[in-house]
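Peer 1: my_file39.txt is the file, holding compact mmCIF, C-alpha atoms (C1' of nucleotides):
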# COMPACT_ATOMS: atom_id res chain seq x y z
CA MET T 30 -3.74 -38.54 21.02
CA SER T 31 -6.57 -36.51 22.47
CA TYR T 32 -8.50 -33.38 21.43
CA GLN T 33 -8.28 -33.18 17.67
CA ALA T 34 -4.64 -33.93 17.07
CA GLU T 35 -5.70 -36.66 14.68
CA ALA T 36 -7.37 -34.09 12.45
CA PHE T 37 -4.22 -32.02 12.13
CA ALA T 38 -2.13 -35.11 11.57
CA GLN T 39 -4.49 -36.29 8.85
CA SER T 40 -4.52 -32.92 7.14
CA LEU T 41 -0.75 -32.62 7.14
CA ARG T 42 -0.21 -36.08 5.74
CA GLN T 43 -2.86 -35.56 3.09
CA ALA T 44 -1.42 -32.21 2.06
CA ARG T 45 2.04 -33.75 1.81
CA LEU T 46 0.80 -36.64 -0.28
CA ASP T 47 -1.09 -34.22 -2.52
CA LYS T 48 2.24 -32.61 -3.25
CA ARG T 49 3.82 -36.01 -3.84
CA TRP T 50 6.45 -35.32 -1.23
CA SER T 51 8.08 -37.99 0.87
CA GLN T 52 8.55 -37.36 4.57
CA ARG T 53 12.23 -36.84 3.80
CA ASP T 54 11.36 -34.21 1.19
CA LEU T 55 9.32 -32.29 3.70
CA SER T 56 11.96 -32.95 6.32
CA GLY T 57 14.55 -31.21 4.19
CA LYS T 58 12.42 -28.18 3.41
CA ALA T 59 11.26 -27.75 7.00
CA ARG T 60 14.58 -28.67 8.59
CA ILE T 61 12.77 -31.09 10.81
CA PRO T 62 13.98 -34.68 11.20
CA GLN T 63 12.03 -37.20 9.17
CA ALA T 64 11.58 -39.23 12.32
CA HIS T 65 9.76 -36.37 13.93
CA ILE T 66 7.53 -35.82 10.94
CA SER T 67 6.58 -39.45 11.06
CA ARG T 68 5.60 -39.11 14.71
CA ILE T 69 3.65 -35.94 13.99
CA GLU T 70 1.70 -37.50 11.15
CA SER T 71 0.91 -40.52 13.29
CA GLY T 72 -0.48 -38.18 15.93
CA SER T 73 1.80 -39.54 18.61
CA VAL T 74 3.14 -36.14 19.68
CA ASP T 75 1.59 -32.92 20.88
CA VAL T 76 3.47 -30.54 18.61
CA LYS T 77 4.28 -26.97 19.40
CA VAL T 78 2.38 -24.36 17.44
CA SER T 79 5.52 -23.11 15.74
CA THR T 80 6.17 -26.58 14.37
CA LEU T 81 2.64 -26.98 13.10
CA VAL T 82 2.66 -23.55 11.47
CA GLU T 83 6.01 -24.24 9.83
CA LEU T 84 4.88 -27.52 8.32
CA ALA T 85 1.52 -26.09 7.32
CA ARG T 86 3.09 -23.20 5.45
CA LEU T 87 5.30 -25.45 3.41
CA LEU T 88 2.17 -27.36 2.49
CA ASP T 89 0.26 -24.21 1.48
CA LEU T 90 -1.91 -24.32 4.57
CA GLU T 91 -2.50 -21.71 7.23
CA LEU T 92 -3.36 -22.24 10.85
CA LEU T 93 -6.30 -20.06 11.77
CA LEU T 94 -8.43 -19.32 14.81
CA VAL T 95 -12.00 -19.29 13.61
CA PRO T 96 -15.07 -18.27 15.66
CA ARG T 97 -17.14 -21.34 16.35
CA SER T 98 -20.20 -19.74 14.78
CA SER T 99 -18.37 -19.40 11.48
CA ILE T 100 -17.05 -22.96 11.35
CA PRO T 101 -19.81 -24.47 9.17
CA ALA T 102 -19.52 -21.69 6.62
CA VAL T 103 -15.75 -21.94 6.57
CA GLU T 104 -15.77 -25.69 6.15
CA ALA T 105 -18.26 -25.43 3.31
CA LEU T 106 -16.04 -22.85 1.69
CA ILE T 107 -13.01 -25.11 1.93
CA ARG T 108 -14.87 -28.13 0.64
CA GLU T 109 -16.07 -26.20 -2.36
CA ALA T 110 -12.59 -24.87 -3.08
CA GLU T 111 -11.16 -28.37 -2.86
CA ALA T 112 -13.83 -29.74 -5.16
CA ASN T 113 -12.97 -27.14 -7.77
CA GLN T 114 -9.35 -28.04 -7.25
CA ASP T 115 -10.18 -31.66 -8.01
CA LEU T 116 -12.00 -30.56 -11.11
CA ARG T 117 -9.00 -28.64 -12.34
CA SER T 118 -6.75 -31.53 -11.42
CA ALA T 119 -8.78 -33.99 -13.43
CA ARG T 120 -8.60 -31.76 -16.49
CA GLY T 121 -4.91 -31.19 -15.99
CA LEU T 122 -4.24 -34.88 -15.69
CA ALA T 123 -6.20 -35.61 -18.83
CA ASN T 124 -4.32 -32.93 -20.71
CA SER T 125 -1.02 -34.27 -19.48
CA LEU T 126 -1.61 -37.19 -21.83
CA GLN T 127 -1.44 -34.93 -24.87
CA PRO T 128 2.28 -35.53 -25.50
CA THR T 129 1.66 -39.26 -25.44
CA LEU T 130 -1.20 -38.80 -27.86
CA ARG T 131 0.93 -36.65 -30.14
CA ARG T 132 3.62 -39.29 -30.31
CA LEU T 133 1.03 -41.92 -31.06
CA ARG T 134 -0.40 -39.84 -33.90
CA ILE T 135 3.05 -39.71 -35.46
CA GLU T 136 4.17 -43.26 -34.92
CA HIS T 137 0.84 -45.04 -35.27
CA PRO T 138 -1.42 -42.69 -37.20
CA LYS T 139 -3.77 -45.39 -38.34
CA SER T 140 -4.00 -47.39 -35.13
CA SER T 141 -7.35 -47.53 -33.39
CA THR T 142 -5.43 -47.13 -30.14
CA THR T 143 -4.58 -43.58 -31.09
CA GLU T 144 -8.15 -42.55 -31.61
CA ARG T 145 -9.35 -44.36 -28.53
CA LEU T 146 -6.90 -42.41 -26.38
CA SER T 147 -7.96 -39.19 -28.05
CA THR T 148 -11.66 -39.64 -27.34
CA LEU T 149 -10.84 -40.91 -23.85
CA ILE T 150 -9.02 -37.67 -23.04
CA GLN T 151 -11.99 -35.66 -24.29
CA ASP T 152 -14.33 -37.76 -22.18
CA VAL T 153 -12.35 -37.30 -19.00
CA ILE T 154 -12.29 -33.55 -19.49
CA ALA T 155 -16.02 -33.59 -20.10
CA ILE T 156 -16.84 -35.53 -16.95
CA ALA T 157 -14.19 -33.84 -14.79
CA PRO T 158 -16.73 -32.89 -12.08
CA LEU T 159 -17.41 -36.57 -11.49
CA PHE T 160 -13.86 -36.97 -10.23
CA GLN T 161 -14.91 -35.24 -7.06
CA ALA T 162 -16.09 -38.67 -5.99
CA PRO T 163 -13.89 -39.99 -3.17
CA GLY T 164 -10.80 -41.70 -4.46
CA ALA T 165 -11.65 -41.06 -8.08
CA LEU T 166 -8.90 -38.53 -8.58
CA GLY T 167 -6.34 -40.94 -7.20
CA GLU T 168 -7.45 -43.62 -9.60
CA LEU T 169 -7.23 -41.18 -12.46
CA GLU T 170 -3.71 -40.28 -11.42
CA ASN T 171 -2.58 -43.87 -11.39
CA ALA T 172 -4.21 -44.62 -14.71
CA VAL T 173 -2.63 -41.59 -16.34
CA THR T 174 0.76 -42.52 -14.98
CA VAL T 175 0.49 -46.04 -16.34
CA ILE T 176 -0.60 -44.82 -19.75
CA ARG T 177 2.20 -42.32 -19.94
CA ARG T 178 4.78 -44.90 -19.01
CA ALA T 179 3.38 -47.42 -21.44
CA GLY T 180 3.35 -44.71 -24.09
CA GLU T 181 7.01 -43.92 -23.56
CA SER T 182 8.18 -47.48 -23.96
CA ALA T 183 5.74 -48.25 -26.73
CA ASP T 184 7.24 -50.08 -29.66
CA ASP T 185 5.32 -51.49 -32.58
CA ASN T 186 3.53 -53.76 -30.17
CA LEU T 187 0.88 -51.61 -28.50
CA LYS T 188 -0.43 -54.32 -26.22
CA ASP T 189 0.69 -52.71 -22.95
CA LEU T 190 -0.61 -49.33 -23.99
CA GLU T 191 -3.91 -50.88 -25.02
CA ALA T 192 -4.27 -52.45 -21.61
CA ALA T 193 -3.43 -49.19 -19.86
CA ILE T 194 -5.96 -47.26 -21.92
CA HIS T 195 -8.52 -49.91 -21.18
CA GLY T 196 -7.93 -49.31 -17.49
CA LEU T 197 -8.71 -45.63 -17.81
CA ALA T 198 -11.81 -46.39 -19.85
CA ARG T 199 -13.08 -48.59 -17.05
CA ILE T 200 -12.67 -45.78 -14.54
CA ARG T 201 -14.53 -43.42 -16.80
CA ASN T 202 -17.38 -45.87 -17.28
CA GLY T 203 -17.54 -46.58 -13.60
CA LEU T 204 -17.93 -42.92 -12.75
CA VAL T 205 -20.57 -42.29 -15.38
CA HIS T 206 -22.61 -45.27 -14.26
CA ALA T 207 -22.29 -44.58 -10.57
CA ARG T 208 -23.97 -41.25 -11.07
CA THR T 209 -27.70 -41.43 -10.67
CA PRO T 210 -28.79 -40.09 -14.02
CA VAL T 211 -31.23 -37.24 -13.77
CA GLN T 212 -31.68 -37.39 -17.46
CA THR T 213 -30.39 -39.82 -20.07
CA PRO T 214 -27.58 -38.07 -21.90
CA ALA T 215 -28.09 -37.45 -25.58
CA TYR T 216 -24.90 -39.32 -26.32
CA SER T 217 -23.36 -42.37 -24.69
CA LEU T 218 -19.82 -42.57 -23.44
CA ASP T 219 -19.88 -46.36 -23.43
CA GLU T 220 -18.11 -48.55 -25.82
CA GLU T 221 -16.50 -51.50 -24.10
CA ASP T 222 -17.30 -53.78 -21.16
CA MET L 6 8.13 -14.60 19.24
CA SER L 7 8.50 -15.53 15.60
CA TYR L 8 6.14 -16.94 12.94
CA GLN L 9 2.69 -15.64 13.79
CA ALA L 10 2.52 -16.33 17.48
CA GLU L 11 1.55 -12.72 18.02
CA ALA L 12 -1.61 -13.21 15.98
CA PHE L 13 -2.76 -16.15 18.11
CA ALA L 14 -1.88 -14.31 21.28
CA GLN L 15 -3.84 -11.28 20.14
CA SER L 16 -6.86 -13.35 19.18
CA LEU L 17 -6.93 -15.21 22.46
CA ARG L 18 -6.67 -12.08 24.54
CA GLN L 19 -9.33 -10.33 22.48
CA ALA L 20 -11.69 -13.29 22.72
CA ARG L 21 -11.19 -13.43 26.48
CA LEU L 22 -11.84 -9.72 26.89
CA ASP L 23 -14.94 -10.02 24.71
CA LYS L 24 -16.25 -12.49 27.25
CA ARG L 25 -15.28 -10.17 30.07
CA TRP L 26 -13.18 -12.89 31.67
CA SER L 27 -10.11 -12.20 33.74
CA GLN L 28 -7.02 -14.33 33.18
CA ARG L 29 -7.89 -16.04 36.45
CA ASP L 30 -11.41 -16.79 35.22
CA LEU L 31 -10.01 -18.46 32.14
CA SER L 32 -7.32 -20.07 34.23
CA GLY L 33 -9.96 -21.78 36.36
CA LYS L 34 -12.01 -23.04 33.44
CA ALA L 35 -8.99 -24.28 31.51
CA ARG L 36 -7.12 -25.56 34.56
CA ILE L 37 -4.09 -23.67 33.38
CA PRO L 38 -2.16 -21.41 35.76
CA GLN L 39 -2.90 -17.72 35.36
CA ALA L 40 0.83 -17.11 35.06
CA HIS L 41 0.97 -19.30 32.02
CA ILE L 42 -2.00 -17.63 30.38
CA SER L 43 -0.31 -14.30 30.87
CA ARG L 44 2.80 -15.61 29.13
CA ILE L 45 0.74 -17.06 26.31
CA GLU L 46 -1.17 -13.84 25.71
CA SER L 47 2.05 -11.87 25.73
CA GLY L 48 3.39 -14.20 23.05
CA SER L 49 6.42 -15.12 25.12
CA VAL L 50 5.93 -18.87 24.83
CA ASP L 51 5.59 -21.31 21.96
CA VAL L 52 2.51 -23.16 23.18
CA LYS L 53 1.70 -26.75 22.41
CA VAL L 54 -1.21 -27.29 20.07
CA SER L 55 -3.24 -29.01 22.76
CA THR L 56 -2.98 -25.93 24.95
CA LEU L 57 -3.98 -23.59 22.18
CA VAL L 58 -6.93 -25.77 21.21
CA GLU L 59 -8.06 -26.01 24.82
CA LEU L 60 -8.00 -22.27 25.37
CA ALA L 61 -9.57 -21.59 21.99
CA ARG L 62 -12.49 -23.89 22.68
CA LEU L 63 -13.31 -22.22 25.95
CA LEU L 64 -13.37 -18.96 24.04
CA ASP L 65 -15.66 -20.31 21.31
CA LEU L 66 -12.87 -20.48 18.79
CA GLU L 67 -11.63 -23.38 16.71
CA LEU L 68 -8.14 -23.98 15.41
CA LEU L 69 -8.30 -24.84 11.75
CA LEU L 70 -5.93 -25.69 8.91
CA VAL L 71 -7.08 -23.68 5.93
CA PRO L 72 -5.73 -23.96 2.37
CA ARG L 73 -3.82 -20.83 1.55
CA SER L 74 -5.99 -20.19 -1.50
CA SER L 75 -9.08 -20.00 0.70
CA ILE L 76 -7.64 -17.63 3.27
CA PRO L 77 -9.00 -14.37 1.82
CA ALA L 78 -12.51 -15.79 1.52
CA VAL L 79 -12.37 -17.21 5.03
CA GLU L 80 -11.14 -13.97 6.53
CA ALA L 81 -13.87 -12.03 4.77
CA LEU L 82 -16.41 -14.49 6.12
CA ILE L 83 -15.15 -14.03 9.66
CA ARG L 84 -15.08 -10.26 9.39
CA GLU L 85 -18.66 -10.22 8.22
CA ALA L 86 -19.78 -12.52 11.00
CA GLU L 87 -18.07 -10.34 13.58
CA ALA L 88 -19.69 -7.21 12.18
CA ASN L 89 -23.11 -8.80 12.52
CA GLN L 90 -22.14 -9.81 16.02
CA ASP L 91 -21.36 -6.19 16.83
CA LEU L 92 -24.73 -5.20 15.47
CA ARG L 93 -26.52 -7.70 17.69
CA SER L 94 -24.38 -6.61 20.62
CA ALA L 95 -25.34 -2.97 20.19
CA ARG L 96 -29.02 -3.85 20.18
CA GLY L 97 -28.58 -6.13 23.16
CA LEU L 98 -26.78 -3.47 25.11
CA ALA L 99 -29.49 -0.95 24.38
CA ASN L 100 -32.16 -3.38 25.45
CA SER L 101 -30.30 -4.15 28.64
CA LEU L 102 -31.31 -0.66 29.76
CA GLN L 103 -34.99 -1.60 29.73
CA PRO L 104 -35.11 -2.54 33.44
CA THR L 105 -33.58 0.82 34.32
CA LEU L 106 -36.15 2.53 32.15
CA ARG L 107 -38.97 0.54 33.72
CA ARG L 108 -37.90 1.58 37.18
CA LEU L 109 -37.71 5.20 36.06
CA ARG L 110 -41.23 5.04 34.64
CA ILE L 111 -42.52 3.96 38.03
CA GLU L 112 -40.51 6.20 40.27
CA HIS L 113 -40.34 9.29 38.05
CA PRO L 114 -43.16 8.98 35.55
CA LYS L 115 -43.27 12.66 34.77
CA SER L 116 -39.54 13.34 34.59
CA SER L 117 -38.13 14.37 31.25
CA THR L 118 -35.20 12.09 32.08
CA THR L 119 -37.43 9.09 31.67
CA GLU L 120 -38.53 9.99 28.20
CA ARG L 121 -35.05 10.99 27.12
CA LEU L 122 -33.74 7.57 28.07
CA SER L 123 -36.63 5.93 26.27
CA THR L 124 -35.99 7.69 22.97
CA LEU L 125 -32.25 7.22 23.40
CA ILE L 126 -32.71 3.45 23.59
CA GLN L 127 -34.82 3.51 20.46
CA ASP L 128 -32.19 5.58 18.69
CA VAL L 129 -29.34 3.26 19.56
CA ILE L 130 -31.29 0.26 18.29
CA ALA L 131 -32.05 2.15 15.10
CA ILE L 132 -28.44 3.06 14.40
CA ALA L 133 -26.99 -0.25 15.62
CA PRO L 134 -25.05 -0.84 12.37
CA LEU L 135 -23.06 2.32 13.04
CA PHE L 136 -21.56 0.67 16.10
CA GLN L 137 -19.40 -1.40 13.78
CA ALA L 138 -17.12 1.62 13.76
CA PRO L 139 -13.88 0.80 15.59
CA GLY L 140 -14.20 1.34 19.30
CA ALA L 141 -17.81 2.39 19.14
CA LEU L 142 -19.11 -0.78 20.74
CA GLY L 143 -16.73 -0.37 23.65
CA GLU L 144 -17.90 3.18 24.21
CA LEU L 145 -21.49 1.99 24.14
CA GLU L 146 -20.68 -0.66 26.71
CA ASN L 147 -19.16 1.82 29.09
CA ALA L 148 -21.98 4.29 28.66
CA VAL L 149 -24.60 1.61 29.28
CA THR L 150 -22.79 0.42 32.38
CA VAL L 151 -22.62 3.92 33.77
CA ILE L 152 -26.31 4.54 33.12
CA ARG L 153 -27.33 1.26 34.70
CA ARG L 154 -25.29 1.96 37.77
CA ALA L 155 -26.59 5.52 38.06
CA GLY L 156 -30.12 4.16 37.62
CA GLU L 157 -29.71 1.68 40.46
CA SER L 158 -28.59 4.25 42.97
CA ALA L 159 -30.97 6.93 41.70
CA ASP L 160 -32.83 8.74 44.43
CA ASP L 161 -35.03 11.76 43.93
CA ASN L 162 -32.05 13.64 42.66
CA LEU L 163 -31.52 12.45 39.07
CA LYS L 164 -28.43 14.52 38.43
CA ASP L 165 -26.00 11.58 38.07
CA LEU L 166 -28.40 9.72 35.83
CA GLU L 167 -28.90 12.80 33.70
CA ALA L 168 -25.16 13.12 33.22
CA ALA L 169 -24.83 9.45 32.31
CA ILE L 170 -27.63 9.66 29.77
CA HIS L 171 -26.05 12.76 28.33
CA GLY L 172 -22.86 10.76 27.80
CA LEU L 173 -24.69 8.16 25.75
CA ALA L 174 -26.43 10.84 23.74
CA ARG L 175 -23.09 12.30 22.81
CA ILE L 176 -21.86 8.96 21.53
CA ARG L 177 -25.00 8.58 19.47
CA ASN L 178 -24.64 12.02 17.97
CA GLY L 179 -20.98 11.48 17.24
CA LEU L 180 -21.70 8.30 15.31
CA VAL L 181 -24.51 9.83 13.31
CA HIS L 182 -22.43 12.84 12.38
CA ALA L 183 -19.30 10.88 11.58
CA ARG L 184 -21.20 9.02 8.93
CA THR L 185 -20.99 10.67 5.55
CA PRO L 186 -24.69 11.09 4.80
CA VAL L 187 -25.73 9.60 1.49
CA GLN L 188 -29.12 11.15 1.98
CA THR L 189 -30.47 13.45 4.63
CA PRO L 190 -32.70 11.36 6.88
CA ALA L 191 -36.36 12.31 7.05
CA TYR L 192 -36.08 12.78 10.79
CA SER L 193 -33.28 14.12 12.92
CA LEU L 194 -31.79 12.31 15.87
CA ASP L 195 -30.28 15.48 17.28
CA GLU L 196 -31.53 17.34 20.21
CA GLU L 197 -28.73 18.59 22.40
CA ASP L 198 -25.20 19.95 21.93
C1' DC M 28 -6.36 5.08 53.35
C1' DT M 29 -7.20 -0.05 52.86
C1' DA M 30 -8.84 -4.18 50.51
C1' DG M 31 -9.50 -6.68 46.54
C1' DG M 32 -8.96 -7.71 41.71
C1' DT M 33 -6.13 -7.14 37.65
C1' DG M 34 -2.09 -8.79 34.77
C1' DA M 35 3.00 -9.46 34.78
C1' DT M 36 7.17 -11.68 36.40
C1' DG M 37 10.39 -14.93 38.88
C1' DT M 38 12.00 -19.59 40.50
C1' DC M 39 12.03 -24.41 40.86
C1' DT M 40 10.57 -28.92 39.11
C1' DT M 41 8.64 -32.20 35.94
C1' DA M 42 7.15 -33.82 31.69
C1' DA M 43 7.58 -33.86 26.96
C1' DA M 44 8.82 -31.89 22.41
C1' DC M 45 12.64 -31.90 19.61
C1' DT M 46 17.34 -33.16 17.65
C1' DG M 47 20.61 -36.46 15.90
C1' DC M 48 21.66 -40.88 14.71
C1' DA M 49 20.83 -45.54 13.82
C1' DT M 50 17.99 -49.10 12.38
C1' DC M 51 14.17 -51.64 10.76
C1' DA M 52 10.39 -53.72 7.65
C1' DC M 53 8.20 -53.12 3.44
C1' DG M 54 7.57 -52.51 -1.37
C1' DT M 55 9.39 -51.28 -5.95
C1' DT M 56 12.89 -51.28 -9.55
C1' DG M 57 16.85 -52.79 -11.81
C1' DC R 22 18.97 -61.45 -6.29
C1' DA R 23 20.67 -56.58 -4.78
C1' DA R 24 19.77 -51.55 -4.50
C1' DC R 25 16.93 -48.10 -3.29
C1' DG R 26 13.20 -45.19 -1.34
C1' DT R 27 9.51 -45.38 1.73
C1' DG R 28 7.70 -44.66 6.60
C1' DA R 29 8.19 -46.36 11.39
C1' DT R 30 10.71 -47.04 15.68
C1' DG R 31 14.37 -46.82 19.34
C1' DC R 32 17.51 -44.20 22.23
C1' DA R 33 20.55 -40.62 24.38
C1' DG R 34 20.77 -35.74 25.03
C1' DT R 35 19.00 -30.93 24.83
C1' DT R 36 15.48 -27.65 25.02
C1' DT R 37 11.32 -25.86 26.67
C1' DA R 38 6.40 -25.89 27.75
C1' DA R 39 3.83 -26.34 31.73
C1' DG R 40 2.59 -26.86 36.74
C1' DA R 41 3.03 -24.92 41.37
C1' DC R 42 4.09 -21.90 43.89
C1' DA R 43 5.11 -16.60 45.36
C1' DT R 44 5.31 -11.86 44.51
C1' DC R 45 4.90 -7.55 42.29
C1' DA R 46 2.82 -2.97 40.47
C1' DC R 47 -1.35 -1.01 39.14
C1' DC R 48 -6.03 0.33 39.45
C1' DT R 49 -10.65 0.79 41.45
C1' DA R 50 -14.15 0.64 45.03
C1' DG R 51 -15.37 0.98 49.69
Could you show the structure in this file as structure tokens?

Peer 2:
Amino acid sequence: MSYQAEAFAQSLRQARLDKRWSQRDLSGKARIPQAHISRIESGSVDVKVSTLVELARLLDLELLLVPRSSIPAVEALIREAEANQDLRSARGLANSLQPTLRRLRIEHPKSSTTERLSTLIQDVIAIAPLFQAPGALGELENAVTVIRRAGESADDNLKDLEAAIHGLARIRNGLVHARTPVQTPAYSLDEED
Amino acid sequence: MSYQAEAFAQSLRQARLDKRWSQRDLSGKARIPQAHISRIESGSVDVKVSTLVELARLLDLELLLVPRSSIPAVEALIREAEANQDLRSARGLANSLQPTLRRLRIEHPKSSTTERLSTLIQDVIAIAPLFQAPGALGELENAVTVIRRAGESADDNLKDLEAAIHGLARIRNGLVHARTPVQTPAYSLDEED
DNA sequence: CTAGGTGATGTCTTAAACTGCATCACGTTG
DNA sequence: CAACGTGATGCAGTTTAAGACATCACCTAG
């Protein structure tokens, strides 16, 4: 509960969630009881180094002793790396909608929904850096998931899919507007709202 | 004894030695028994994170969770910082001989020993980067200590001091020669041997 | 030689991490 | 509604870090 245990706990939980693992998933891989992982992530235990290292490794993290004078540089480095990771993630998520789009093009070639999803995917890829905003990537994830699910169960009635796509469009617009524009873009990404 | 405990143990011991602290010194500051510090540095215990963090902090180190993908960059960063530290240390050590030199200038203004020490200090400062060679900084430390001690107890007979200065000169020459010369320097640092 | 500082090692005790197992409250899905 | 996965919590038992001693071998300085 003291020193900086909270920081480690936070990092571990975040890394686990990034991988979409449940505590029981991690528990199995690390051969550590789920109960204990829960206590670790809540910062209610002072773990042994071996335990921390073990969990960290499974989560693609390394425990390192860093000279205090190098800490700012190291943290900047990590932040930058994570930002680029977010950028790649945003593009990957957008691209993961391609199968849905393909199916739409076959089953509803003339629907406006199809084209709206197409341009939306392009837009998200274009503004990928904006998803470095806190929480933005999570929102994108959820929206993509909803669209994909709606796309799978889509019959002739595209209402659900329309609504899901609308949700993603709102996120996109929100991000673009939240950014203080240095210069008015030559083209506008707006259409609805 | 498993995972990477050895690495932490090594780092801690090295950091302590860099500060010229005995295990009992550290023991007092950290309020941890010397016996336990010995066991930690020998890697024979699986310390709790709180203990590691506590010791690290006293040694100007921070325990950090670093994404695996950033590890090479971070390690390069740390290596570079340490090299620069060595460079500063070499200059500092050389300058720490100034009081000895000052005393010599007063008590033996006409002695060749005085001038030899003076130029030697200048030389060491000039070739400070060469002290990044493994072990070189340690040798410099020892040589400086010996000279300072000989300087303090120097009477009219400067024999001991001469010998000590000669030792430092040998280190300097060794470093300069060990370096594969890209270009012959305009001036030579040699004089003896 | 002796005295003092170094790090390593041993023993006993206490506190706490860790295991194993069970259970719970909560939210989601069918 | 029931079924399931989620994370949190409780408890008995084992393991072990950590504190508080003492002691040792080694080296260096006086």

Peer 1: Residues of chain M within 8 Å of chain L, using all atoms listed in the file, as a VMD selection string?

Peer 2: chain M and resid 33 to 35

Peer 1: Let me make sure I understand: among R:DA43, R:DG51, R:DT35, R:DT30, which one has the smallest atom-to-atom distance to chain T if we use all atoms listed in the file?

Peer 2: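 Once distances to chain T are computed over all atoms listed in the file, the minimum belongs to R:DT30.
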
Peer 1: What are the residues of chain R lining chain L at 12 Å or less? Count all atoms listed in the file, and put the answer as a PyMOL selection string.

Peer 2: chain R and resi 37-44

Peer 1: Can you build me a table of chain L residues sitting at most 9 Å from chain T, with the closest atom pair per residue and its distance in Å to one decimal, using all atoms listed in the file, sorted by chain and residue number, as a Markdown table?

Peer 2:
| residue | atom | partner | partner_atom | distance |
| --- | --- | --- | --- | --- |
| L:Ser7 | CA | T:Ser79 | CA | 8.1 |
| L:Tyr8 | CA | T:Ser79 | CA | 6.8 |
| L:Gln9 | CA | T:Ser79 | CA | 8.2 |
| L:Ala10 | CA | T:Ser79 | CA | 7.6 |
| L:Phe13 | CA | T:Leu94 | CA | 7.3 |
| L:Ser16 | CA | T:Leu94 | CA | 7.6 |
| L:Leu17 | CA | T:Leu94 | CA | 8.8 |
| L:Asp51 | CA | T:Val78 | CA | 6.3 |
| L:Val52 | CA | T:Lys77 | CA | 5.7 |
| L:Lys53 | CA | T:Lys77 | CA | 4.0 |
| L:Val54 | CA | T:Val78 | CA | 5.3 |
| L:Ser55 | CA | T:Asp75 | CA | 6.5 |
| L:Leu57 | CA | T:Val78 | CA | 8.0 |
| L:Val58 | CA | T:Tyr32 | CA | 7.8 |
| L:Glu59 | CA | T:Tyr32 | CA | 8.1 |
| L:Ala61 | CA | T:Leu94 | CA | 7.6 |
| L:Arg62 | CA | T:Arg97 | CA | 8.3 |
| L:Leu64 | CA | T:Pro96 | CA | 8.6 |
| L:Asp65 | CA | T:Arg97 | CA | 5.3 |
| L:Leu66 | CA | T:Pro96 | CA | 4.4 |
| L:Glu67 | CA | T:Val95 | CA | 5.1 |
| L:Leu68 | CA | T:Leu94 | CA | 4.7 |
| L:Leu69 | CA | T:Leu93 | CA | 5.2 |
| L:Leu70 | CA | T:Leu92 | CA | 4.7 |
| L:Val71 | CA | T:Glu91 | CA | 5.2 |
| L:Pro72 | CA | T:Leu90 | CA | 4.4 |
| L:Arg73 | CA | T:Leu90 | CA | 5.0 |
| L:Ser74 | CA | T:Asp89 | CA | 8.0 |
| L:Ser75 | CA | T:Ile107 | CA | 6.6 |
| L:Ile76 | CA | T:Glu91 | CA | 7.7 |
| L:Ala78 | CA | T:Leu106 | CA | 7.9 |
| L:Val79 | CA | T:Val103 | CA | 6.0 |
| L:Glu80 | CA | T:Val95 | CA | 8.9 |
| L:Leu82 | CA | T:Val103 | CA | 7.5 |
| L:Ile83 | CA | T:Ser99 | CA | 6.5 |
| L:Ala86 | CA | T:Ser99 | CA | 7.0 |
| L:Glu87 | CA | T:Pro96 | CA | 8.7 |

Peer 1: Please provide as an mmCIF file with C-alpha atoms (C1' of nucleotides), in the coordinates of the input all residues within 12 Å of R:DA24, with the sequence filter that same-chain residues fewer than 6 positions apart are discarded (counting all atoms listed in the file).

Peer 2:
data_model
loop_
_atom_site.group_PDB
_atom_site.id
_atom_site.type_symbol
_atom_site.label_atom_id
_atom_site.label_comp_id
_atom_site.auth_asym_id
_atom_site.auth_seq_id
_atom_site.Cartn_x
_atom_site.Cartn_y
_atom_site.Cartn_z
ATOM 1 C "C1'" DT M 55 9.390 -51.280 -5.950
ATOM 2 C "C1'" DT M 56 12.890 -51.280 -9.550
ATOM 3 C "C1'" DG M 57 16.850 -52.790 -11.810
#

Peer 1: Listed atoms of stretch 161-172 of chain T, axis-aligned box, 5 Å per side: centre and edge lengths to one decimal in Å, as JSON?

Peer 2:
{"center_x": -9.3, "center_y": -39.9, "center_z": -8.9, "size_x": 23.5, "size_y": 19.4, "size_z": 21.5}

Peer 1: To one decimal place in Å, what is the distance between atom CA of T:Leu87 and atom CA of T:Arg45?

Peer 2: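 If I compute the distance from atom CA of T:Leu87 to atom CA of T:Arg45, I get 9.1 Å.
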
Peer 1: By how many Å are atom CA of T:Arg177 and atom CA of T:Ala193 apart?

Peer 2: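 Interatomic distance, atom CA of T:Arg177 to atom CA of T:Ala193: 8.9 Å.
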
Peer 1: Could you state the separation of atom CA of L:Ala174 and atom CA of L:Leu125 in Å, given to one decimal place?

Peer 2: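 These two atoms are separated by 6.9 Å.
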
Peer 1: Once you count only C-alpha atoms (C1' of nucleotides), which residues end up no further than 10 Å from (6.2, -53.8, 7.1) in the file's frame, shown as a PDB file with C-alpha atoms (C1' of nucleotides), in the coordinates of the input?

Peer 2:
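Output contents, as saved in selection-v9.pdb:
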ATOM      1  C1'  DC M  51      14.170 -51.640  10.760  1.00  0.00           C
ATOM      2  C1'  DA M  52      10.390 -53.720   7.650  1.00  0.00           C
ATOM      3  C1'  DC M  53       8.200 -53.120   3.440  1.00  0.00           C
ATOM      4  C1'  DG M  54       7.570 -52.510  -1.370  1.00  0.00           C
TER       5       DG M  54
ATOM      6  C1'  DG R  28       7.700 -44.660   6.600  1.00  0.00           C
ATOM      7  C1'  DA R  29       8.190 -46.360  11.390  1.00  0.00           C
TER       8       DA R  29
END
